[in-house]
Amino acid sequence: MGLTPCDRPVGFATMKPRIDHAAVLGAGVMGAQIAAHLANAGVPTTLLDLTPGSLGPEEEARGLALTAPEVRNRLAAAGLEKARKIKPAAFFLPEDSSRIRVGNLEDHLGWLGEADWIIEAVAEDAEIKRGLLARVASVRRPGSIVSSNTSGIPIAELGRDLPSEFRAHLLGTHFFNPPRYLRLLELVRTSETSGEVACSLSGFCDRILGKGIVYCKDTPNFIANRIGVYSSLLALRLMQEEGFTIAEIDAMTGPILGRPKSATFRTFDLAGLDTAASVATNLYQAVPHDERRETFIVPELLKEMIGRGWIGDKAGQGFYRRDPTSEGGGIHVLDYTTMSYEPKPKVRLAGLEMAAQVEELGDRLRLLLDGKDRVAKFLWQVTAETLIYAANRIPEIADDIVQVDRAMRWGFNHQLGPFELWDAIGVEKSVARMTAEGRAIPVLAQQLLASGRPGFYRTESGRRSYFDLRSKSHQGLSNPPGVTVLADLKAQRKVIRENAGASLIDLGDGVACLEFHTKMNAIGADIVQMMSAAVKEVAEHFEGLVIGNQAEHFCVGANLVMLLLSAQEGEWEEIDLSLRRFQQVNLAIRRSAKPVVVATAGMTLGAGCEIALHAHRVRAAAESYLGLVEAGVGLVPAGGGTREMLARTLARIPAGDRIDPLPHLKRTFELIGMAKVSGSAAEAGRMGFLRETDAVSMNRDRLIEDAKQDVLGLSKSGYRPPFASELMAYGEPLLATLKLGTYLMMKAGYLSEYDRAVGNKLAWILCGGNIKTPRTMPESYFLELERQAFLSLCGERKTQERIQHMLKTGKPLRN
C-alpha cells in the first residue's frame, strides 16, 4: 500500500515504544508547546534551551550573576511560562505544566541520557541543528529515539556525520502549530532509519499523543508545507494581479471552500510572515527541478512587510492588526496599495453570497468554480493550479494520494484534501476544462482517466480504495486496527434502523452505535425517538450501546429553532411533552440493564451534555468541551441535567450533621448558572461533568472503537444499572442565601436583572423548590421542577430575545 514507514505488516505500525521520559531541545513557540502536549499525555518532559549572554533588567535589579541557575535557565523557563499563558491553552490543565523540567543546553545536556525520545526544535538552520545533534550523540542513551521538528530540512542531511546507530534512531517528526489542536504529525524516515523505530514511534504518537500520522518522503518541506506554501503564494500573486483586497481573498478562501476561518492571510499572520518567507526561500533553493519553482520567490509585498516588522501575530500586526484606539479593539486590515490599515469591511461579492446558501460542500464548490464572475475566475485559477501541482508531487513527496490528502486536512484543517476536492468537483469535467485552457495535465490524472474510473477514491460494497500511481489501479484502503469508521459500516449495510435525525448501526461483537446526524447534531424529536428505540433494541438483541458520532461536534444542544417557534406560538403543552420525553429517554439510558457508553468529542453542550451525564460511562475525546449552557439563552437544563449535577454534588458532601452544604451547591450553581464549558476532557472531570470512572481517548479516530471496548468490558464484568435514589432538598433556607448572592452580583454589575431571574430559577431547582425544612425527595420531583422552570422561562420575552440572538449571531445576549 505504501501507507506505512516500515518494512513490517501494516498492523505493526500501531505498536508503541515505552517512552517514560521525553526531552525537547528549544523552548520557542513550537518547542514549548510540544513539551506541553507531551505533558498533557502524562509524559514527564525535559525542556532545554540556550544560556543567555547577558542579564535582563530584572535580574540586574535583583543582583543576580550570569552564573545563577535561574539566569542560565531563563530562556527555557520563559518558554514554559509563555506556554502556560498562551491562548488557546497549550495545557489540558494548568498543573500539567508541572511535568516539565526546565534547564539549559550547557549545564543539563547530561539529562538527555534519561530520555527515551529527544525532540530537536531549535532554529530552522541546518548548521545549528547538525551541531546540536552532534552534542546530543555524545550523551544520549543507545536505543533512544531522536527526531527533528524541522519544517523542511531533509533529515538525512541533518544526520549525515553522525554514528550509524544514531542515524538508525533518527527521523523527522514535524508537528504543526498549535501542537495540541492540529492533528497532523509528518513522520519522515530516512533510508537508514530503523523500520521498527519509525513504526513504534508512529504508534506512540497515534495512541498516546492523539496525532494523525502522515508518512512523508525526506524531501524539502515534506508534504503539507510544500503544497500549502505553493497555494498561498499563488493566491497572493493572483490577488494583486486581479485587484482583490486581502479581506476579499480571505472571504473566498475560508469556510466557503471548506477551510478554516483563518483562510489565506490570517494563516500567514498566525504562522509568521518571516517564517513563511524563510520556508519559501528554502524551497526555491532546494527544488531546482520543480516546474513551479518561480512561485517560491518571495513576493515584494512580503519583503516590504517583513522589512517594516509587520510579521504577523507575534509582532502585533501583519495582514491584520487589532486597532487599540477603536471601541472594542476592532480588526483592521492592510490595504497593500497604500500600505495603510483600514477597518475590516464586510465583504460583499455576489458569487459568494449565492454559494453561501448551499449547504453541501461538493455542490457549493461546483457552483463557485463553474461561475463566470471574477470570484469564480480567481477560485478556479488557484484550485486548478494547486490540484495540478499536488498531483505532480506524487511520488516525489509521498507514495500515494492518501498521505497528501491527510496532510492538508490535518495540518491546515481543510475539509477536503486536494484529491478529495478533485473528486468532489468532477475529475473528468475539470481535466477537460484544464486541457481546453492549455494546462499540462499530470500523469496521475491521465492514468486515472485511462483506467476508466471517474475518481481518485471509490467505495464498493462498503470498501474504500484509492488510485495508486504505481499499479495504475485502485488499491484497498483499510482502517488501522482500533479505528472504526461509521460511514464504512453504513455503506456495508450495517444500519439496523434510522430516521432523519439518527441511525442505529451494528458495530459488531454485540455492540450497537447510535449516531446523530442533524445539523450540528442538535437534539430534536427524531433523535429522541431514535434514542428510545435504540435502548429497546439493545435490551433485546445486543450486549450494550455506544452513543457517538464522527462529526466535528457530538451535540451542540437542543434544536433552538423549533423551541423558539413553539414558544412564540404558545405551544406550552407541546414543549412540556417534549421535555418529558427527553427526560424519560435519559432516565431509560441510566436505568438500562445493558451498558450505555456515550462517546463525546468537540462541543458537548446543553442537551448533549445531559445525555452524557446519564450514561453508565463516558468515553471522551481529549478535546471534548462539555457544559450545561442553557443559561446563555435564558433557560435552565431540563433534560435531567440539573438533577444529575445535583446528585453528583450531594454525593461529594462528606457525611455529618455539621457539614455545610452551601459551598458545594454554590459551586454547582455557578457552574450551570454561568454556563461554564470545559476546555478539555480533563477539565470536564474537574468540573464534575465527567467522573473518575470515565475514560479519555487522545486520538479521536479511535473514540468509537474505544467506547465499544468499554461497553464490552462493562458487559463482561456483570454490569448492573444504578438504583434510583432520593435527593436532599434543602428548601427555602438555602434558597434564600443563593438568591441573596444573585442580588449582590446584580448590584455589583456582574449580572443583569434578567440574569438574576434565570439564576433564581436555577437555585429554586437545586434547593428543591419552596420546601420549608430540608428533606429527601424522589428524582421525579426534581424533574418536575426542571420542567416548570424551563416552561416559565420560555414564556418570557427576554428569553425569546436571547434565543433569537444566539441563532442569528452565535453569541449570547445579555439583556
# chains A, B, ... in the order shown; residues from 1 in each chain; ligands from 1

call {"tool": "residues_around", "arguments": {"residues": "A:Arg237", "least_positions_apart": "3", "cutoff": "12 Å", "atoms": "only C-alpha atoms", "output": "ChimeraX atom specification"}}
result
/A:230-234,240-246,249,294-302,378,381-382

call {"tool": "write_last_selection", "arguments": {"atoms": "N, CA, C and O atoms", "output": "CSV table (one decimal), in the first residue's frame"}}
result
chain,number,residue,atom,x,y,z
A,230,TYR,N,2.9,26.7,-1.6
A,230,TYR,CA,2.7,27.0,-3.0
A,230,TYR,C,1.3,27.6,-3.2
A,230,TYR,O,1.2,28.7,-3.9
A,231,SER,N,0.3,27.0,-2.7
A,231,SER,CA,-1.1,27.5,-2.9
A,231,SER,C,-1.3,28.9,-2.3
A,231,SER,O,-1.9,29.8,-2.9
A,232,SER,N,-0.7,29.2,-1.1
A,232,SER,CA,-0.8,30.5,-0.5
A,232,SER,C,-0.1,31.6,-1.3
A,232,SER,O,-0.6,32.7,-1.5
A,233,LEU,N,1.1,31.3,-1.8
A,233,LEU,CA,1.8,32.3,-2.6
A,233,LEU,C,1.2,32.6,-3.9
A,233,LEU,O,1.2,33.7,-4.4
A,234,LEU,N,0.6,31.5,-4.5
A,234,LEU,CA,-0.2,31.7,-5.7
A,234,LEU,C,-1.4,32.6,-5.5
A,234,LEU,O,-1.6,33.5,-6.3
A,240,GLN,N,-3.1,40.3,-6.3
A,240,GLN,CA,-2.5,41.5,-6.8
A,240,GLN,C,-2.8,41.7,-8.3
A,240,GLN,O,-3.1,42.8,-8.8
A,241,GLU,N,-2.7,40.6,-9.0
A,241,GLU,CA,-3.0,40.7,-10.5
A,241,GLU,C,-4.4,41.0,-10.8
A,241,GLU,O,-4.7,41.8,-11.7
A,242,GLU,N,-5.4,40.5,-10.0
A,242,GLU,CA,-6.8,40.6,-10.3
A,242,GLU,C,-7.4,41.8,-9.5
A,242,GLU,O,-8.6,42.1,-9.6
A,243,GLY,N,-6.6,42.4,-8.6
A,243,GLY,CA,-7.1,43.6,-7.9
A,243,GLY,C,-8.1,43.3,-6.8
A,243,GLY,O,-8.9,44.2,-6.4
A,244,PHE,N,-8.0,42.2,-6.2
A,244,PHE,CA,-8.8,41.8,-5.0
A,244,PHE,C,-8.2,42.4,-3.7
A,244,PHE,O,-7.0,42.7,-3.7
A,245,THR,N,-8.9,42.6,-2.7
A,245,THR,CA,-8.4,43.0,-1.4
A,245,THR,C,-8.1,41.8,-0.5
A,245,THR,O,-8.5,40.7,-0.8
A,246,ILE,N,-7.3,42.0,0.5
A,246,ILE,CA,-7.0,40.9,1.4
A,246,ILE,C,-8.2,40.4,2.1
A,246,ILE,O,-8.4,39.1,2.2
A,249,ILE,N,-10.1,38.1,-0.4
A,249,ILE,CA,-9.4,36.8,-0.6
A,249,ILE,C,-9.7,35.9,0.5
A,249,ILE,O,-10.0,34.7,0.4
A,294,GLU,N,9.3,29.1,-9.6
A,294,GLU,CA,9.3,30.5,-9.6
A,294,GLU,C,8.2,31.0,-8.6
A,294,GLU,O,8.3,32.2,-8.1
A,295,THR,N,7.2,30.2,-8.3
A,295,THR,CA,6.2,30.6,-7.3
A,295,THR,C,6.8,30.8,-6.0
A,295,THR,O,6.2,31.6,-5.2
A,296,PHE,N,7.9,30.2,-5.7
A,296,PHE,CA,8.5,30.3,-4.3
A,296,PHE,C,9.4,31.5,-4.1
A,296,PHE,O,10.0,31.6,-3.1
A,297,ILE,N,9.6,32.3,-5.2
A,297,ILE,CA,10.3,33.6,-5.0
A,297,ILE,C,9.4,34.5,-4.1
A,297,ILE,O,8.3,34.7,-4.3
A,298,VAL,N,10.0,34.9,-3.0
A,298,VAL,CA,9.3,35.7,-2.0
A,298,VAL,C,8.7,37.0,-2.7
A,298,VAL,O,9.5,37.8,-3.2
A,299,PRO,N,7.4,37.2,-2.6
A,299,PRO,CA,6.8,38.4,-3.2
A,299,PRO,C,7.3,39.7,-2.6
A,299,PRO,O,7.7,39.7,-1.4
A,300,GLU,N,7.4,40.8,-3.4
A,300,GLU,CA,7.8,42.1,-2.9
A,300,GLU,C,7.0,42.5,-1.7
A,300,GLU,O,7.5,43.2,-0.8
A,301,LEU,N,5.7,42.2,-1.8
A,301,LEU,CA,4.8,42.7,-0.7
A,301,LEU,C,5.3,42.1,0.7
A,301,LEU,O,5.3,42.7,1.7
A,302,LEU,N,5.6,40.8,0.7
A,302,LEU,CA,6.0,40.1,1.9
A,302,LEU,C,7.4,40.7,2.3
A,302,LEU,O,7.6,41.0,3.5
A,378,PHE,N,-11.0,33.7,-10.1
A,378,PHE,CA,-9.9,33.6,-9.2
A,378,PHE,C,-9.8,32.2,-8.5
A,378,PHE,O,-8.8,31.5,-8.5
A,381,GLN,N,-8.6,29.4,-10.9
A,381,GLN,CA,-7.1,29.5,-11.1
A,381,GLN,C,-6.4,28.9,-10.0
A,381,GLN,O,-5.5,28.1,-10.2
A,382,VAL,N,-6.7,29.3,-8.8
A,382,VAL,CA,-6.0,28.8,-7.6
A,382,VAL,C,-6.2,27.3,-7.4
A,382,VAL,O,-5.3,26.5,-7.2

call {"tool": "select_by_dssp", "arguments": {"residues": "stretch 551-710 of chain A", "states": "strand (DSSP E or B)", "output": "PyMOL selection string"}}
result
chain A and resi 555+558+596-605+617-627+695-697

call {"tool": "residues_around", "arguments": {"residues": "stretch 413-420 of chain A", "least_positions_apart": "3", "cutoff": "6 Å", "atoms": "only C-alpha atoms", "output": "number ranges by chain"}}
result
A: 258-259, 387, 405, 408-410, 423

call {"tool": "residues_around", "arguments": {"residues": "A:Ser717", "least_positions_apart": "3", "cutoff": "12 Å", "atoms": "only C-alpha atoms", "output": "list in words"}}
result
Glu543, Lys594, Pro595, Asp710, Val711, Leu712, Gly713, Leu714 and Arg720 of chain A

call {"tool": "select_by_dssp", "arguments": {"residues": "stretch 365-525 of chain A", "states": "helix (DSSP H, G or I)", "output": "ChimeraX atom specification"}}
result
/A:365-370,374-392,401-412,418-425,427-436,443-450,486-491,519-521,525

call {"tool": "closest_residue", "arguments": {"among": "A:Ile527, A:Ile34, A:Ala68, A:Ala350", "to": "A:Cys205", "atoms": "only C-alpha atoms"}}
result
A:Ile34

call {"tool": "residues_around", "arguments": {"residues": "A:Ala123", "least_positions_apart": "5", "cutoff": "10 Å", "atoms": "only C-alpha atoms", "output": "list in words"}}
result
Gly26, Gly28, Ile128, Lys129, Asn149 and Thr150 of chain A

call {"tool": "residues_around", "arguments": {"residues": "A:Tyr781", "least_positions_apart": "6", "cutoff": "12 Å", "atoms": "only C-alpha atoms", "output": "PDB file with N, CA, C and O atoms, in the first residue's frame"}}
result
ATOM      1  N   GLY A 640     -32.991  16.558  32.747  1.00  0.00           N
ATOM      2  CA  GLY A 640     -32.442  15.766  33.837  1.00  0.00           C
ATOM      3  C   GLY A 640     -31.035  16.189  34.203  1.00  0.00           C
ATOM      4  O   GLY A 640     -30.452  15.674  35.163  1.00  0.00           O
ATOM      5  N   ARG A 643     -30.831  17.931  37.720  1.00  0.00           N
ATOM      6  CA  ARG A 643     -30.998  16.901  38.742  1.00  0.00           C
ATOM      7  C   ARG A 643     -29.743  16.042  38.878  1.00  0.00           C
ATOM      8  O   ARG A 643     -29.295  15.728  39.986  1.00  0.00           O
ATOM      9  N   SER A 725     -32.327   6.882  43.505  1.00  0.00           N
ATOM     10  CA  SER A 725     -32.225   7.282  44.912  1.00  0.00           C
ATOM     11  C   SER A 725     -32.877   8.640  45.106  1.00  0.00           C
ATOM     12  O   SER A 725     -32.961   9.449  44.185  1.00  0.00           O
ATOM     13  N   GLU A 726     -33.325   8.872  46.319  1.00  0.00           N
ATOM     14  CA  GLU A 726     -33.904  10.166  46.643  1.00  0.00           C
ATOM     15  C   GLU A 726     -32.778  11.165  46.899  1.00  0.00           C
ATOM     16  O   GLU A 726     -31.669  10.803  47.296  1.00  0.00           O
ATOM     17  N   LEU A 727     -33.078  12.454  46.660  1.00  0.00           N
ATOM     18  CA  LEU A 727     -32.081  13.507  46.831  1.00  0.00           C
ATOM     19  C   LEU A 727     -32.538  14.464  47.923  1.00  0.00           C
ATOM     20  O   LEU A 727     -33.733  14.690  48.121  1.00  0.00           O
ATOM     21  N   MET A 728     -31.575  15.044  48.615  1.00  0.00           N
ATOM     22  CA  MET A 728     -31.883  16.003  49.670  1.00  0.00           C
ATOM     23  C   MET A 728     -32.337  17.328  49.056  1.00  0.00           C
ATOM     24  O   MET A 728     -31.665  17.897  48.198  1.00  0.00           O
ATOM     25  N   ALA A 729     -33.491  17.798  49.485  1.00  0.00           N
ATOM     26  CA  ALA A 729     -33.990  19.117  49.095  1.00  0.00           C
ATOM     27  C   ALA A 729     -33.824  20.033  50.307  1.00  0.00           C
ATOM     28  O   ALA A 729     -34.473  19.835  51.331  1.00  0.00           O
ATOM     29  N   ILE A 765     -34.504  25.092  41.624  1.00  0.00           N
ATOM     30  CA  ILE A 765     -34.423  23.651  41.331  1.00  0.00           C
ATOM     31  C   ILE A 765     -33.415  22.981  42.260  1.00  0.00           C
ATOM     32  O   ILE A 765     -33.700  21.947  42.882  1.00  0.00           O
ATOM     33  N   LEU A 766     -32.228  23.568  42.364  1.00  0.00           N
ATOM     34  CA  LEU A 766     -31.152  22.940  43.138  1.00  0.00           C
ATOM     35  C   LEU A 766     -31.519  22.815  44.618  1.00  0.00           C
ATOM     36  O   LEU A 766     -31.077  21.870  45.297  1.00  0.00           O
ATOM     37  N   CYS A 767     -32.319  23.741  45.116  1.00  0.00           N
ATOM     38  CA  CYS A 767     -32.699  23.709  46.528  1.00  0.00           C
ATOM     39  C   CYS A 767     -33.971  22.907  46.777  1.00  0.00           C
ATOM     40  O   CYS A 767     -34.404  22.769  47.929  1.00  0.00           O
ATOM     41  N   GLY A 768     -34.571  22.399  45.703  1.00  0.00           N
ATOM     42  CA  GLY A 768     -35.772  21.593  45.890  1.00  0.00           C
ATOM     43  C   GLY A 768     -37.029  22.404  46.051  1.00  0.00           C
ATOM     44  O   GLY A 768     -37.975  21.969  46.733  1.00  0.00           O
ATOM     45  N   GLY A 769     -37.056  23.612  45.434  1.00  0.00           N
ATOM     46  CA  GLY A 769     -38.269  24.424  45.483  1.00  0.00           C
ATOM     47  C   GLY A 769     -38.449  25.152  46.797  1.00  0.00           C
ATOM     48  O   GLY A 769     -37.476  25.486  47.483  1.00  0.00           O
ATOM     49  N   ILE A 771     -39.659  24.205  49.696  1.00  0.00           N
ATOM     50  CA  ILE A 771     -39.807  23.381  50.898  1.00  0.00           C
ATOM     51  C   ILE A 771     -39.300  24.153  52.120  1.00  0.00           C
ATOM     52  O   ILE A 771     -38.255  24.788  52.068  1.00  0.00           O
ATOM     53  N   ARG A 787     -38.876  21.074  34.631  1.00  0.00           N
ATOM     54  CA  ARG A 787     -39.849  21.396  33.576  1.00  0.00           C
ATOM     55  C   ARG A 787     -40.585  22.702  33.874  1.00  0.00           C
ATOM     56  O   ARG A 787     -40.801  23.530  32.979  1.00  0.00           O
ATOM     57  N   GLN A 788     -40.988  22.870  35.131  1.00  0.00           N
ATOM     58  CA  GLN A 788     -41.709  24.092  35.486  1.00  0.00           C
ATOM     59  C   GLN A 788     -40.857  25.333  35.235  1.00  0.00           C
ATOM     60  O   GLN A 788     -41.332  26.336  34.668  1.00  0.00           O
TER      61      GLN A 788
END

call {"tool": "residues_around", "arguments": {"residues": "stretch 132-140 of chain A", "least_positions_apart": "5", "cutoff": "9 Å", "atoms": "only C-alpha atoms", "output": "VMD selection string"}}
result
chain A and resid 25 109 to 116 118 120 122 127 146 158 to 159 161 to 163 166

call {"tool": "atom_distance", "arguments": {"atom1": "atom CA of A:Ser678", "atom2": "atom CA of A:Gly606"}}
result
12.5 Å
